[in-house]
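input24.tsv (TSV, C-alpha atoms)
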```tsv
chain	number	residue	atom	x	y	z
A	1	MET	CA	-8.50	28.58	26.53
A	2	SER	CA	-6.86	28.63	23.14
A	3	GLU	CA	-8.24	26.50	20.30
A	4	THR	CA	-6.89	23.00	19.71
A	5	ILE	CA	-7.23	20.31	17.06
A	6	THR	CA	-6.93	16.54	17.36
A	7	LEU	CA	-4.68	14.37	15.24
A	8	GLU	CA	-5.17	10.60	15.03
A	9	VAL	CA	-1.79	9.25	14.02
A	10	LEU	CA	-1.10	5.67	12.94
A	11	ARG	CA	1.70	4.33	15.14
A	12	TYR	CA	3.82	1.28	14.50
A	13	LEU	CA	6.81	0.48	16.70
A	14	PRO	CA	8.32	-2.74	15.33
A	15	GLU	CA	10.05	-3.52	18.65
A	16	THR	CA	6.80	-3.76	20.54
A	17	ASP	CA	3.81	-3.69	18.17
A	18	SER	CA	2.47	-6.67	16.24
A	19	GLU	CA	0.42	-4.32	14.07
A	20	PRO	CA	-0.20	-0.57	13.70
A	21	HIS	CA	-2.70	1.28	15.90
A	22	PHE	CA	-3.99	4.84	16.11
A	23	GLN	CA	-2.88	7.27	18.79
A	24	ARG	CA	-4.60	10.60	19.49
A	25	TYR	CA	-2.78	13.85	20.11
A	26	THR	CA	-4.28	17.26	20.81
A	27	VAL	CA	-2.21	20.14	19.49
A	28	PRO	CA	-2.68	23.93	19.37
A	29	TYR	CA	-4.68	25.13	16.37
A	30	LYS	CA	-3.10	27.86	14.29
A	31	ASP	CA	-4.39	29.16	10.99
A	32	GLU	CA	-0.96	29.20	9.43
A	33	TRP	CA	0.05	25.71	10.58
A	34	VAL	CA	0.23	22.77	8.24
A	35	VAL	CA	-0.07	19.13	9.35
A	36	LEU	CA	3.73	18.89	9.41
A	37	ASP	CA	3.84	21.75	11.96
A	38	ALA	CA	1.40	19.79	14.13
A	39	LEU	CA	3.58	16.67	13.86
A	40	ASN	CA	6.65	18.71	14.77
A	41	HIS	CA	4.76	20.05	17.81
A	42	ILE	CA	3.97	16.49	18.87
A	43	LYS	CA	7.57	15.44	18.39
A	44	ASP	CA	8.98	18.44	20.29
A	45	HIS	CA	6.45	18.72	23.12
A	46	LEU	CA	4.26	15.64	23.47
A	47	ASP	CA	5.87	12.44	22.22
A	48	ALA	CA	9.47	12.29	21.02
A	49	THR	CA	9.04	8.69	19.84
A	50	LEU	CA	6.91	9.68	16.84
A	51	SER	CA	8.76	9.08	13.57
A	52	TYR	CA	8.12	10.67	10.17
A	53	ARG	CA	10.13	12.03	7.25
A	54	TRP	CA	10.40	15.67	6.27
A	55	SER	CA	12.95	18.14	5.06
A	56	CYS	CA	12.14	21.31	3.13
A	57	HIS	CA	8.70	22.30	4.50
A	58	MET	CA	7.84	23.90	1.14
A	59	ALA	CA	6.59	21.16	-1.22
A	60	VAL	CA	9.89	20.77	-3.01
A	61	CYS	CA	11.74	17.81	-1.48
A	62	GLY	CA	8.87	15.29	-1.63
A	63	SER	CA	9.78	13.71	1.73
A	64	CYS	CA	6.66	14.29	3.83
A	65	GLY	CA	4.02	12.41	1.83
A	66	MET	CA	1.36	10.90	4.10
A	67	THR	CA	-2.25	9.79	3.94
A	68	ILE	CA	-4.27	12.58	5.50
A	69	ASN	CA	-7.96	11.83	5.99
A	70	ASN	CA	-7.81	9.11	3.34
A	71	GLU	CA	-6.07	11.33	0.78
A	72	PRO	CA	-2.37	11.12	-0.15
A	73	LYS	CA	-0.90	14.56	0.54
A	74	LEU	CA	2.30	16.37	1.38
A	75	SER	CA	1.95	17.17	5.08
A	76	CYS	CA	3.82	20.45	4.53
A	77	HIS	CA	1.20	21.45	1.97
A	78	THR	CA	-1.91	20.58	3.98
A	79	PHE	CA	-3.26	23.28	6.28
A	80	LEU	CA	-4.96	22.57	9.61
A	81	ARG	CA	-7.53	25.24	8.72
A	82	ASP	CA	-8.96	22.94	6.05
A	83	TYR	CA	-9.89	20.47	8.82
A	84	ARG	CA	-10.94	22.96	11.51
A	85	GLY	CA	-13.49	21.50	13.88
A	86	GLY	CA	-12.74	17.92	12.86
A	87	VAL	CA	-10.20	15.21	13.54
A	88	ILE	CA	-7.21	14.81	11.25
A	89	ARG	CA	-6.28	11.20	10.62
A	90	VAL	CA	-2.64	10.81	9.60
A	91	GLU	CA	-1.35	7.53	8.19
A	92	PRO	CA	1.70	6.46	6.21
A	93	LEU	CA	1.37	6.32	2.43
A	94	ASP	CA	-0.69	3.35	1.26
A	95	HIS	CA	0.83	0.48	-0.73
A	96	PHE	CA	4.24	0.69	0.94
A	97	PRO	CA	5.53	-1.35	3.90
A	98	ILE	CA	5.63	0.67	7.13
A	99	GLU	CA	9.12	0.90	8.59
A	100	ARG	CA	7.98	2.78	11.71
A	101	ASP	CA	5.02	5.07	12.42
A	102	LEU	CA	4.66	7.32	9.34
A	103	VAL	CA	7.92	6.23	7.73
A	104	ILE	CA	7.49	3.89	4.76
A	105	VAL	CA	9.99	1.60	3.05
A	106	MET	CA	10.63	3.11	-0.36
A	107	ASP	CA	13.12	0.58	-1.74
A	108	SER	CA	10.65	-0.78	-4.30
A	109	PHE	CA	10.02	2.72	-5.63
A	110	MET	CA	13.73	3.44	-5.97
A	111	ASP	CA	14.23	0.17	-7.87
A	112	LYS	CA	11.34	0.95	-10.22
A	113	LEU	CA	12.60	4.47	-10.76
A	114	SER	CA	16.08	3.36	-11.74
A	115	SER	CA	14.68	0.57	-13.94
A	116	VAL	CA	13.29	3.10	-16.45
A	117	LYS	CA	16.66	4.85	-16.88
A	118	PRO	CA	15.38	8.32	-15.91
A	119	TYR	CA	18.25	10.29	-17.40
A	120	LEU	CA	19.32	11.58	-20.79
A	121	ILE	CA	20.78	8.94	-23.07
A	122	PRO	CA	22.16	11.00	-25.97
A	123	LYS	CA	21.44	9.80	-29.50
A	124	GLN	CA	25.10	10.21	-30.30
A	125	ASP	CA	27.92	10.96	-27.91
A	126	LYS	CA	29.84	14.03	-28.92
A	127	PRO	CA	32.97	15.63	-27.50
A	128	LEU	CA	32.60	18.48	-24.99
A	129	SER	CA	34.36	20.77	-27.47
A	130	SER	CA	31.37	20.56	-29.84
A	131	GLY	CA	29.19	22.41	-27.31
A	132	GLU	CA	25.79	21.94	-25.70
A	133	TYR	CA	22.90	19.80	-26.83
A	134	LEU	CA	20.63	22.66	-27.88
A	135	GLN	CA	16.87	22.70	-27.51
A	136	THR	CA	14.19	25.20	-28.53
A	137	PRO	CA	11.51	26.45	-26.07
A	138	GLY	CA	8.94	24.54	-28.14
A	139	GLU	CA	10.88	21.29	-27.74
A	140	LEU	CA	11.09	21.95	-23.99
A	141	ASN	CA	7.34	22.61	-23.79
A	142	VAL	CA	6.63	19.08	-25.04
A	143	PHE	CA	7.87	17.49	-21.80
A	144	HIS	CA	8.27	20.35	-19.32
A	145	GLN	CA	5.40	19.40	-16.99
A	146	TYR	CA	6.90	15.95	-16.44
A	147	THR	CA	10.13	17.49	-15.14
A	148	GLN	CA	8.22	18.81	-12.12
A	149	CYS	CA	8.03	15.40	-10.39
A	150	ILE	CA	9.54	15.46	-6.88
A	151	ASN	CA	9.34	11.68	-6.30
A	152	CYS	CA	6.96	12.13	-3.37
A	153	MET	CA	5.19	8.84	-4.16
A	154	LEU	CA	1.69	10.23	-3.55
A	155	CYS	CA	0.73	8.81	-6.94
A	156	TYR	CA	1.82	5.32	-5.85
A	157	ALA	CA	-0.34	5.61	-2.74
A	158	ALA	CA	-3.33	6.75	-4.81
A	159	CYS	CA	-3.04	4.12	-7.54
A	160	PRO	CA	-5.09	0.98	-6.82
A	161	GLN	CA	-3.10	-0.95	-9.43
A	162	VAL	CA	0.07	-0.38	-7.38
A	163	GLY	CA	-1.73	-1.87	-4.38
A	164	LEU	CA	-3.05	-4.85	-6.34
A	165	ASN	CA	0.18	-5.66	-8.19
A	166	GLU	CA	3.40	-4.84	-6.37
A	167	ASP	CA	5.38	-5.33	-9.58
A	168	PHE	CA	3.61	-2.49	-11.41
A	169	VAL	CA	6.30	0.04	-12.35
A	170	GLY	CA	3.87	2.77	-11.35
A	171	PRO	CA	2.92	6.33	-12.26
A	172	ALA	CA	5.94	8.48	-11.35
A	173	ALA	CA	8.55	6.19	-12.91
A	174	LEU	CA	6.52	5.81	-16.12
A	175	ALA	CA	5.94	9.57	-16.29
A	176	LEU	CA	9.67	10.15	-15.97
A	177	ALA	CA	10.39	7.60	-18.68
A	178	HIS	CA	7.94	9.50	-20.89
A	179	ARG	CA	9.63	12.77	-19.99
A	180	TYR	CA	12.97	11.50	-21.31
A	181	ASN	CA	11.42	9.76	-24.32
A	182	LEU	CA	9.89	13.10	-25.34
A	183	ASP	CA	13.15	15.01	-24.92
A	184	SER	CA	14.58	16.04	-28.30
A	185	ARG	CA	18.11	15.44	-26.95
A	186	ASP	CA	17.37	11.86	-25.90
A	187	GLY	CA	17.85	8.61	-27.80
A	188	GLY	CA	17.08	6.11	-25.05
A	189	LYS	CA	13.49	5.18	-25.87
A	190	ALA	CA	14.39	1.67	-27.09
A	191	ALA	CA	16.56	1.09	-24.02
A	192	ARG	CA	13.60	1.94	-21.75
A	193	ALA	CA	11.02	-0.01	-23.75
A	194	ASP	CA	11.72	-3.40	-22.13
A	195	VAL	CA	10.47	-2.07	-18.81
A	196	VAL	CA	8.09	0.68	-19.92
A	197	ALA	CA	6.16	-1.38	-22.50
A	198	SER	CA	6.12	-4.59	-20.46
A	199	ASN	CA	3.07	-6.12	-18.77
A	200	GLU	CA	4.20	-4.57	-15.49
A	201	GLY	CA	4.75	-1.23	-17.23
A	202	ILE	CA	2.17	0.87	-19.03
A	203	TRP	CA	-0.16	-2.08	-19.71
A	204	GLU	CA	-0.81	-2.60	-16.00
A	205	CYS	CA	-2.36	0.88	-15.87
A	206	THR	CA	-6.15	0.89	-16.19
A	207	PHE	CA	-6.46	4.68	-16.32
A	208	VAL	CA	-8.01	5.21	-12.91
A	209	GLY	CA	-6.49	8.69	-13.06
A	210	ALA	CA	-6.02	9.00	-9.28
A	211	CYS	CA	-2.27	9.56	-9.73
A	212	SER	CA	-2.87	12.82	-11.55
A	213	GLN	CA	-5.54	13.96	-9.11
A	214	VAL	CA	-3.24	13.72	-6.09
A	215	CYS	CA	-0.04	15.00	-7.70
A	216	PRO	CA	1.03	18.15	-5.80
A	217	LYS	CA	3.08	19.35	-8.77
A	218	CYS	CA	0.45	18.84	-11.53
A	219	VAL	CA	2.64	16.34	-13.36
A	220	ASP	CA	-0.27	14.24	-14.73
A	221	PRO	CA	1.29	10.76	-14.83
A	222	ALA	CA	-1.99	9.30	-16.16
A	223	ALA	CA	-1.60	11.37	-19.30
A	224	ALA	CA	2.03	10.29	-19.69
A	225	ILE	CA	1.08	6.62	-19.44
A	226	GLN	CA	-1.79	6.85	-21.93
A	227	GLN	CA	0.45	8.66	-24.40
A	228	THR	CA	3.11	6.00	-23.93
A	229	LYS	CA	0.51	3.29	-24.63
A	230	ILE	CA	-0.24	4.90	-27.99
A	231	SER	CA	3.44	5.41	-28.78
A	232	ALA	CA	4.32	1.81	-27.80
A	233	SER	CA	1.47	0.46	-29.91
A	234	VAL	CA	2.68	2.43	-32.94
A	235	ASP	CA	6.24	1.17	-32.36
A	236	TRP	CA	4.95	-2.41	-32.10
A	237	LEU	CA	3.02	-2.04	-35.37
A	238	LYS	CA	6.01	-0.51	-37.15
A	239	ASP	CA	8.21	-3.35	-35.96
A	240	LEU	CA	5.62	-5.88	-37.10
A	241	LEU	CA	5.46	-4.38	-40.59
A	242	THR	CA	9.18	-3.73	-41.01
A	243	PRO	CA	11.07	-5.91	-38.49
A	244	GLY	CA	14.37	-4.51	-37.23
A	245	ALA	CA	14.10	-1.18	-39.06
A	246	HIS	CA	13.17	0.91	-36.01
A	247	THR	CA	15.52	-0.20	-33.25
B	16	MET	CA	18.20	-4.09	15.78
B	17	SER	CA	16.36	-6.11	13.15
B	18	ARG	CA	13.85	-4.45	10.87
B	19	ARG	CA	10.26	-5.64	10.79
B	20	PRO	CA	8.36	-3.64	8.14
B	21	TYR	CA	4.58	-4.01	8.29
B	22	MET	CA	2.61	-4.29	5.05
B	23	ARG	CA	-1.06	-3.34	5.22
B	24	LYS	CA	-3.34	-5.49	3.06
B	25	VAL	CA	-5.47	-4.04	0.28
B	26	GLU	CA	-9.09	-4.71	1.25
B	27	ARG	CA	-11.43	-6.26	-1.31
B	28	SER	CA	-13.62	-3.21	-0.76
B	29	TRP	CA	-10.80	-0.79	-1.70
B	30	TRP	CA	-12.93	0.72	-4.43
B	31	LEU	CA	-15.59	1.77	-1.91
B	32	GLN	CA	-13.11	3.80	0.12
B	33	HIS	CA	-13.00	6.92	-2.06
B	34	PRO	CA	-15.53	8.50	-4.46
B	35	ARG	CA	-13.00	8.58	-7.32
B	36	TYR	CA	-12.57	4.81	-7.11
B	37	ILE	CA	-16.34	4.30	-7.14
B	38	LEU	CA	-16.64	6.47	-10.25
B	39	TYR	CA	-13.81	4.49	-11.83
B	40	MET	CA	-15.56	1.19	-11.10
B	41	ILE	CA	-18.83	2.54	-12.54
B	42	ARG	CA	-16.93	3.44	-15.70
B	43	GLU	CA	-15.42	-0.06	-15.82
B	44	LEU	CA	-18.93	-1.52	-15.40
B	45	THR	CA	-20.24	0.54	-18.31
B	46	SER	CA	-17.73	-1.26	-20.56
B	47	LEU	CA	-19.81	-4.40	-20.07
B	48	PHE	CA	-22.87	-2.71	-21.57
B	49	VAL	CA	-20.82	-1.22	-24.42
B	50	GLY	CA	-19.63	-4.76	-25.18
B	51	LEU	CA	-23.13	-6.24	-24.89
B	52	TYR	CA	-24.56	-3.70	-27.32
B	53	CYS	CA	-21.71	-4.34	-29.76
B	54	ALA	CA	-22.58	-8.05	-29.55
B	55	LEU	CA	-26.24	-7.19	-30.17
B	56	LEU	CA	-25.31	-5.23	-33.29
B	57	ALA	CA	-23.13	-8.10	-34.51
B	58	VAL	CA	-25.98	-10.57	-34.05
B	59	GLY	CA	-28.26	-8.13	-35.89
B	60	LEU	CA	-25.86	-8.04	-38.84
B	61	VAL	CA	-25.74	-11.84	-39.00
B	62	ARG	CA	-29.54	-12.02	-38.88
B	63	LEU	CA	-29.76	-9.38	-41.63
B	64	SER	CA	-27.48	-11.46	-43.83
B	65	GLN	CA	-29.82	-14.45	-43.32
B	66	GLY	CA	-32.77	-12.79	-45.00
B	67	HIS	CA	-35.90	-10.80	-44.38
B	68	ALA	CA	-37.61	-13.24	-42.04
B	69	ALA	CA	-34.54	-13.62	-39.83
B	70	TRP	CA	-34.16	-9.85	-39.58
B	71	ASP	CA	-37.85	-9.34	-38.74
B	72	GLY	CA	-37.56	-11.96	-36.01
B	73	PHE	CA	-34.52	-10.21	-34.57
B	74	VAL	CA	-36.30	-6.83	-34.56
B	75	ALA	CA	-39.39	-8.35	-32.95
B	76	ALA	CA	-37.32	-10.03	-30.25
B	77	PHE	CA	-35.84	-6.69	-29.18
B	78	SER	CA	-39.05	-4.66	-29.55
B	79	GLY	CA	-40.71	-6.11	-26.46
B	80	PRO	CA	-40.51	-4.46	-23.03
B	81	LEU	CA	-37.41	-6.40	-21.95
B	82	GLY	CA	-35.64	-5.62	-25.22
B	83	VAL	CA	-36.44	-1.93	-24.94
B	84	VAL	CA	-35.32	-1.78	-21.30
B	85	PHE	CA	-32.07	-3.52	-22.23
B	86	GLN	CA	-31.41	-1.05	-25.05
B	87	LEU	CA	-32.24	1.92	-22.82
B	88	LEU	CA	-29.80	0.63	-20.21
B	89	CYS	CA	-27.16	0.23	-22.93
B	90	LEU	CA	-27.86	3.77	-24.11
B	91	VAL	CA	-27.43	5.24	-20.61
B	92	PHE	CA	-24.23	3.32	-19.86
B	93	THR	CA	-22.74	3.85	-23.31
B	94	THR	CA	-23.43	7.58	-23.05
B	95	TYR	CA	-21.73	7.68	-19.63
B	96	HIS	CA	-18.80	5.73	-21.06
B	97	SER	CA	-18.51	8.04	-24.08
B	98	VAL	CA	-18.78	11.27	-22.11
B	99	THR	CA	-16.16	10.17	-19.57
B	100	TRP	CA	-13.90	8.95	-22.38
B	101	PHE	CA	-14.18	12.25	-24.23
B	102	ALA	CA	-13.27	14.03	-20.99
B	103	LEU	CA	-10.06	11.96	-20.86
B	104	THR	CA	-8.99	12.48	-24.48
B	105	PRO	CA	-6.80	15.55	-23.82
B	106	LYS	CA	-4.66	13.33	-21.61
B	107	ALA	CA	-4.30	10.50	-24.11
B	108	MET	CA	-4.10	12.63	-27.24
B	109	PRO	CA	-2.58	16.01	-26.44
B	110	LEU	CA	-1.87	18.27	-29.39
B	111	MET	CA	0.89	20.81	-29.81
B	112	VAL	CA	0.51	23.63	-32.31
B	113	LYS	CA	3.50	25.88	-32.93
B	114	GLY	CA	5.14	24.65	-29.72
B	115	GLU	CA	2.12	25.40	-27.54
B	116	PRO	CA	-0.40	22.86	-26.19
B	117	VAL	CA	-3.93	22.99	-27.59
B	118	PRO	CA	-6.41	23.60	-24.71
B	119	GLY	CA	-8.09	20.43	-23.47
B	120	GLY	CA	-11.55	21.91	-24.04
B	121	VAL	CA	-10.83	22.23	-27.77
B	122	ILE	CA	-9.82	18.56	-28.02
B	123	VAL	CA	-12.91	17.43	-26.07
B	124	GLY	CA	-15.14	19.73	-28.13
B	125	ALA	CA	-13.74	18.33	-31.38
B	126	HIS	CA	-14.79	14.85	-30.26
B	127	TYR	CA	-18.36	16.02	-29.63
B	128	VAL	CA	-18.42	17.70	-33.06
B	129	ALA	CA	-17.16	14.47	-34.67
B	130	TRP	CA	-19.76	12.47	-32.70
B	131	ALA	CA	-22.55	14.75	-33.91
B	132	ALA	CA	-21.27	14.66	-37.51
B	133	VAL	CA	-21.11	10.85	-37.59
B	134	SER	CA	-24.55	10.57	-35.97
B	135	ILE	CA	-26.08	12.94	-38.51
B	136	ALA	CA	-24.39	11.06	-41.38
B	137	VAL	CA	-25.80	7.75	-40.08
B	138	LEU	CA	-29.30	9.24	-39.69
B	139	ILE	CA	-29.17	10.66	-43.22
B	140	GLY	CA	-27.84	7.36	-44.54
B	141	ALA	CA	-30.72	5.56	-42.83
B	142	GLY	CA	-33.17	7.91	-44.52
B	143	ILE	CA	-34.48	9.40	-41.28
```
Would you mind writing the structure in this file as structure tokens?
Amino acid sequence: MSETITLEVLRYLPETDSEPHFQRYTVPYKDEWVVLDALNHIKDHLDATLSYRWSCHMAVCGSCGMTINNEPKLSCHTFLRDYRGGVIRVEPLDHFPIERDLVIVMDSFMDKLSSVKPYLIPKQDKPLSSGEYLQTPGELNVFHQYTQCINCMLCYAACPQVGLNEDFVGPAALALAHRYNLDSRDGGKAARADVVASNEGIWECTFVGACSQVCPKCVDPAAAIQQTKISASVDWLKDLLTPGAHT
Amino acid sequence: MSRRPYMRKVERSWWLQHPRYILYMIRELTSLFVGLYCALLAVGLVRLSQGHAAWDGFVAAFSGPLGVVFQLLCLVFTTYHSVTWFALTPKAMPLMVKGEPVPGGVIVGAHYVAWAAVSIAVLIGAGI
């Protein structure tokens, strides 16, 4: 008989369930399978009612974030072989409402993301005819790691502050704000400051560091937030000493 | 079909559910001892300003077994707090030299060198 592995999946069917419950599935074990392959096997062969998000199957789209054995992970990036001989417990990402089974409601994240204006706000608009906004490799190096974020929300699931205060802007959005603030072509730091430097922004972070530990793209949001704290403090001091001169 | 999203509650014991949260809470706890020792130093300064007798009384009060145990506890927790803080400094204070990031180990090492230098300066200043 070929080898199998058991998945314990948190199910929630809003039509019938008052609260989530675990359901066990036994699937074939294959060295090259990731947890997402096992979920696809369940969906195709065992239980078509199971719901979950996925798209690229290669850790690029950020859709398949789940809690796997108490750790936020991309299910396409988590091999069954790392859990061989045990049970794999699959839950939706923590700190988000569950829409159905492993699908979470991400509206709050989308709102927080857009609130930090995560796009280039040029210092001065210039006509297309004057050419590109140029940047040296050194200037790119300053913020390059923060461009790797795929909005998978693992950092929100890992951050206890997100769970304790639903208004906390959170790691990924603050890291993206930092990414644009550091960009030599950008002039939008003041426009982002109302949200970034608010009580629900960087100051809600207590430097647990879990966000950076779980990030599948090595973005290090914790570093971005601590750097923003220093930068915001310097800006506050400058404004205190010379009001209005730095806006 | 109406939606009925389900929100799971954060348990009060959330920090016991993963080793990294336990380590974080230990670090938070060490802040208490850092603060207590700062308060002790501040009281010592006030007593010093009040004259020889006041200072001697202060030293005597913290030379007994309880005082020594308290200071040892403060030393252990403050050391833990300092070491974990130094480990985090590359995140909070990254340096770029000629467009390239300075390795984290160099930044952490510089903090230990500064710590040693200040400690030696204090010991020399105290005539030890």
Subject >> Residue with smallest distance to chain B - pool A:Asn181, A:Ser115, A:Ser231, A:Asn141, counting all atoms listed in the file >> reply: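 Checking each of A:Asn181, A:Ser115, A:Ser231, A:Asn141 against chain B, counting all atoms listed in the file, the winner is A:Asn141.
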**OP:** Could you please give me, as a PyMOL selection string, the residues of protein, DNA or RNA lying at most 9 Å from (15.8, -3.6, 14.7) in the coordinate frame of the file, considering all atoms listed in the file?
**Re:** (chain A and resi 14-15) or (chain B and resi 16-19)
Could those selected residues go to a file with C-alpha atoms, as a compact mmCIF listing (two decimals), keeping the file's coordinate frame?
```txt
# COMPACT_ATOMS: atom_id res chain seq x y z
CA PRO A 14 8.32 -2.74 15.33
CA GLU A 15 10.05 -3.52 18.65
CA MET B 16 18.20 -4.09 15.78
CA SER B 17 16.36 -6.11 13.15
CA ARG B 18 13.85 -4.45 10.87
CA ARG B 19 10.26 -5.64 10.79
```
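Of note, atom CA of Thr104 of chain B and atom CA of Asp183 of chain A are spaced 22.3 Å apart.
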Go through chain B residue by residue and, counting only C-alpha atoms, keep those with an atom at most 8 Å from chain A; for each kept residue give the shortest atom pair and its distance in Å to one decimal, ordered by chain and increasing number, as CSV.
```
residue,atom,partner,partner_atom,distance
B:Arg18,CA,A:Pro14,CA,7.3
B:Arg19,CA,A:Pro14,CA,5.7
B:Pro20,CA,A:Glu99,CA,4.6
B:Tyr21,CA,A:Ile98,CA,4.9
B:Met22,CA,A:Pro97,CA,4.3
B:Arg23,CA,A:Pro97,CA,7.0
B:Val25,CA,A:Gly163,CA,6.4
B:Trp29,CA,A:Pro160,CA,7.9
B:His33,CA,A:Asn70,CA,7.8
B:Arg35,CA,A:Ala210,CA,7.3
B:Tyr36,CA,A:Val208,CA,7.4
B:Tyr39,CA,A:Val208,CA,5.9
B:Lys106,CA,A:Ala223,CA,4.3
B:Ala107,CA,A:Gln226,CA,4.9
B:Met108,CA,A:Gln227,CA,6.7
B:Met111,CA,A:Val142,CA,7.7
B:Lys113,CA,A:Gly138,CA,7.4
B:Gly114,CA,A:Gly138,CA,4.1
B:Glu115,CA,A:Gly138,CA,6.9
```
Subject >> Pairwise distance for atom CA of Phe109 of chain A and atom CA of Leu80 of chain A, rounded to one decimal in Å >> reply: 29.2 Å
For segment 105-121 of chain B, I'd like the enclosing box, axis-aligned and padded by 6 Å on every side, reported as AutoDock Vina command-line options with centre and edge lengths in Å to one decimal.
```
--center_x -3.2 --center_y 18.2 --center_z -27.3 --size_x 28.7 --size_y 27.4 --size_z 23.3
```
Subject >> Distance query Tyr25 of chain A at most 7 Å, only C-alpha atoms, self and fewer than 5 positions along chain excluded, as a PyMOL selection string >> reply: chain A and resi 6-8
Original post:
atom CA of Cys89 of chain B and atom CA of Ala136 of chain B are how many Å apart?
Top reply: 21.6 Å
Original post:
Within 10 Å of (5.9, 20.0, 10.7), all atoms listed in the file: residues as a list in words?
Top reply: Trp33, Val34, Val35, Leu36, Asp37, Ala38, Leu39, Asn40, His41, Ile42, Lys43, Tyr52, Arg53, Trp54, Ser55, Cys56, His57, Cys64, Ser75 and Cys76 of chain A
Subject >> Among listed residues A:Arg24, A:His144, A:Lys30, A:His178, nearest Ala197 of chain A (using only C-alpha atoms) >> reply: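 Smallest distance to Ala197 of chain A is found for A:His178.
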**OP:** Determine, counting all atoms listed in the file, which protein, DNA and RNA residues have an atom within 8 Å of an atom of Thr45 of chain B; residues of the same chain fewer than 5 positions away are not included. Present the result as a list in words.
**Re:** Phe92, Thr93, Tyr95 and His96 of chain B
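Neighbouring residues of Ile150 of chain A at 10 Å or closer, counting all atoms listed in the file and skipping chain neighbours under 5 positions away, are A:Ala59, A:Val60, A:Cys61, A:Gly62, A:Ser63, A:Ala172, A:Cys215, A:Pro216, A:Lys217, A:Val219.
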